[in-house]
Amino acid sequence: MSSNDRDDFTPSDKKTMAERVSWKCSFPGCGRNTVGPNSDDPTKKINNGIAAHIHAAASGGPRYNSKMTSDERRHITNGVWMCRYHGNLIDADYTEYSARTLYDWKEQAEKRAADSLKLPTQEYSSKHATLIQLGSGIVYFANWNAVHSREWSFELIAPLIGDAESLNQYVLESRSLPEAEIYVVVESQGDARKILDIKIEVSPEGKYLLFINVDKKPVATNPHDLGMSMEIDDEGDIFIRNGSLAMVKGIDNAEQMISICMGTIKGEMDDEKELGSLATQYYNEYKYDLEIFGRLILLELIRLSLIPMERRSKKGKTPSLHFVKRFLSIQISSAELTHSRFKAHVELEWGNGELWDGEIPIFVLQT
Ligand SMILES: [Zn+2]
């Protein structure tokens with residue numbers, strides 16, 4: 001078929017279509033931005049979006065409607081703005097994505113864009129939303145919808161790490177994923193749990209809703225019961241005082257354990273792959289955005305205090321930082337490293353109910 005047989009949109013209509021949804025993908029729950037700077041050329045932009053036809057531009061195409069005129073087919077109202085992935089998806093599986101569904105999504109996406117105009121800043125929703133993490137690869141901005149004891153539900157707003165595709169994959173395959181990946185962390189509640197069941201629904205208003213059945217919360221232990229450990233100095237070496245190994249106990253030991261646990265790069269310990277944190281990865285990706293960086297580090301602290309994991313040396317599963325009841329807040333005021341460590345000011349409640357706040361040095365490997 002020659003291109004002349006296609007009722008394509010004009011370039012100017014495509015641009016207007018994209019602008020009417022703030023250049024964001026209209027697929028519910030995706031919201032991916034589709035425009036940005038060309039990194040090779042300071043005078044150019046890149047556009048990763050698609051002006052998808054609701055009713056196909058040519059006969060034989062998805063949702064083709066023979067009753068429409070050419071003018072109707074190429075009219076801006078017959079198009080919906082999508083990221084490349086979702087633009088292809090709605091055409092590949094067009095029985096699932098009916099014209100009616102796409103008209104609804106177009107309307108919802110334009111409404112979201114209209115609403116975002118009324119807010120003080122574009123970042124409003126993400127600043128006021130909490131972060132939720134699913135496994136080690138997905139972090140979303142979300143609002144809590146409801147909590148019925150161990151049934152949690154969220155309205156997903158936009159992805160920070162991963163995307164709608166990886167989220168769908170995670171939910172669909174949650175039963176076959178490694179057990180260590182089946183957990184949820186919620187920033188605003190300082191809570192993290194093993195997931196028993198998870199599903200996604202799109203509400204009639206086009207909201208992307210996540211429903212999770214969670215396991216019960218492990219009971220925190222008393223940090224004064226930790227016993228003694230060798231003291232580690234500022235450079236990560238064993239500390240020698242007056243010719244013998246220096247030891248730490250109680251709260252000092254607990255602080256040091258948080259530092260060591262966070263500074264261990266997850267996956268680098270051959271025999272204990274689950275051990276450690278994503279601090280190094282987050283540092284290298286987010287050190288220029290200290291607000292987001294701090295929030296991601298907090299997610300890791302919460303996870304390590306509440307998600308039980310296999311330990312070679314211990315029988316049964318316990319969280320690495322089982323002696324912390326709750327991490328309350330975090331402040332990272334500089335990305336500057338001293339002996340390869342950044343400082344996080346942390347506020348927490350120990351397992352025995354004592355409150356504590358102070359600076360924890362966290363090792364990262366700079367790339
Ligand atoms: Zn998309």
# chains A, B, ... in the order shown; residues from 1 in each chain; ligands from 1
>>> residues_around(residues="A:Tyr64", least_positions_apart="4", cutoff="6 Å", atoms="only C-alpha atoms", output="PDB file with C-alpha atoms, in the first residue's frame")
ATOM      1  CA  HIS A  55      -9.489   3.955  13.992  1.00  0.00           C
ATOM      2  CA  ALA A  56      -6.720   2.862  11.578  1.00  0.00           C
ATOM      3  CA  SER A  59      -8.059  -0.415   5.531  1.00  0.00           C
TER       4      SER A  59
END
>>> residues_near_ligand(ligand="ligand 1", cutoff="9 Å", atoms="only C-alpha atoms and all ligand atoms", output="count of residues only")
22
>>> residues_around(residues="A:Tyr97", least_positions_apart="4", cutoff="12 Å", atoms="only C-alpha atoms", output="list in words")
Phe27, His53, Ile54, His55, Pro62, Arg63, His86, Gly87, Asn88, Leu89, Ile90, Asp91, Ala92, Asp93, Thr101, Leu102, Tyr103, Asp104 and Trp105 of chain A
>>> closest_atom_pairs(of="stretch 311-332 of chain A", to="stretch 167-188 of chain A", cutoff="10 Å", atoms="only C-alpha atoms", output="Markdown table")
| residue | atom | partner | partner_atom | distance |
| --- | --- | --- | --- | --- |
| A:Phe327 | CA | A:Glu187 | CA | 9.5 |
| A:Leu328 | CA | A:Ser188 | CA | 9.0 |
| A:Ser329 | CA | A:Glu187 | CA | 9.5 |
>>> atom_distance(atom1="atom CA of A:Ile258", atom2="atom CA of A:Leu304")
9.0 Å
>>> residues_around(residues="stretch 150-153 of chain A", least_positions_apart="2", cutoff="6 Å", atoms="only C-alpha atoms", output="list in words")
Asn145, Ala146, Val147, His148, Leu210, Phe211, Ile212, Asn213 and Val214 of chain A
>>> write_last_selection(atoms="C-alpha atoms", output="PDB file, in the first residue's frame")
ATOM      1  CA  ASN A 145      -6.005   4.271  48.659  1.00  0.00           C
ATOM      2  CA  ALA A 146      -6.998   2.026  51.514  1.00  0.00           C
ATOM      3  CA  VAL A 147      -5.629  -0.224  54.199  1.00  0.00           C
ATOM      4  CA  HIS A 148      -7.718  -3.066  55.587  1.00  0.00           C
ATOM      5  CA  LEU A 210      -2.564  -1.829  42.864  1.00  0.00           C
ATOM      6  CA  PHE A 211      -3.930  -4.277  45.458  1.00  0.00           C
ATOM      7  CA  ILE A 212      -1.507  -6.141  47.695  1.00  0.00           C
ATOM      8  CA  ASN A 213      -2.057  -8.755  50.395  1.00  0.00           C
ATOM      9  CA  VAL A 214       0.885  -8.520  52.751  1.00  0.00           C
TER      10      VAL A 214
END
>>> closest_residue(among="A:Asp215, A:Glu274, A:Glu354, A:Asp225", to="A:His322", atoms="only C-alpha atoms")
A:Asp225
>>> closest_residue(among="A:Ile362, A:Ile161, A:Val324, A:Ala335", to="A:Cys261", atoms="only C-alpha atoms")
A:Ile362
>>> atom_distance(atom1="atom CA of A:Arg341", atom2="atom CA of A:Leu290")
14.9 Å
>>> select_by_dssp(residues="stretch 240-301 of chain A", states="strand (DSSP E)", output="ChimeraX atom specification")
/A:240-241,244-245,247-249
>>> write_last_selection(atoms="C-alpha atoms", output="CSV table (one decimal), in the first residue's frame")
chain,number,residue,atom,x,y,z
A,240,ILE,CA,43.1,-1.5,66.8
A,241,ARG,CA,43.2,0.3,70.2
A,244,SER,CA,44.2,-5.1,70.6
A,245,LEU,CA,41.0,-5.3,68.6
A,247,MET,CA,35.0,-3.8,70.2
A,248,VAL,CA,31.6,-2.1,70.0
A,249,LYS,CA,28.3,-3.2,71.7
>>> closest_residue(among="A:Asp271, A:Ser340, A:Tyr283, A:Glu205", to="A:Arg311", atoms="only C-alpha atoms")
A:Asp271
>>> closest_residue(among="A:Ala142, A:Leu131, A:Ile238, A:Ala254", to="A:Leu298", atoms="only C-alpha atoms")
A:Leu131
>>> atom_distance(atom1="atom CA of A:Phe141", atom2="atom CA of A:Gln189")
13.8 Å
>>> select_by_dssp(residues="stretch 136-170 of chain A", states="helix (DSSP H, G or I)", output="PyMOL selection string")
chain A and resi 164-170
>>> closest_residue(among="A:Lys317, A:Arg112, A:Lys199, A:His128", to="A:Val21", atoms="only C-alpha atoms")
A:Arg112
>>> closest_residue(among="A:Ile195, A:Ile292, A:Ala57, A:Asp5", to="A:Ile307", atoms="only C-alpha atoms")
A:Ile195
>>> residues_around(residues="A:Val219", least_positions_apart="2", cutoff="12 Å", atoms="only C-alpha atoms", output="list of chain:residue names")
A:Lys216, A:Lys217, A:Thr221, A:Asn222, A:Ser305, A:Leu306, A:Ile307, A:Pro308, A:Thr318, A:Pro319, A:Leu321, A:His322, A:Phe323, A:Val324, A:Lys325, A:Arg326, A:Trp350, A:Gly351, A:Asn352, A:Gly353
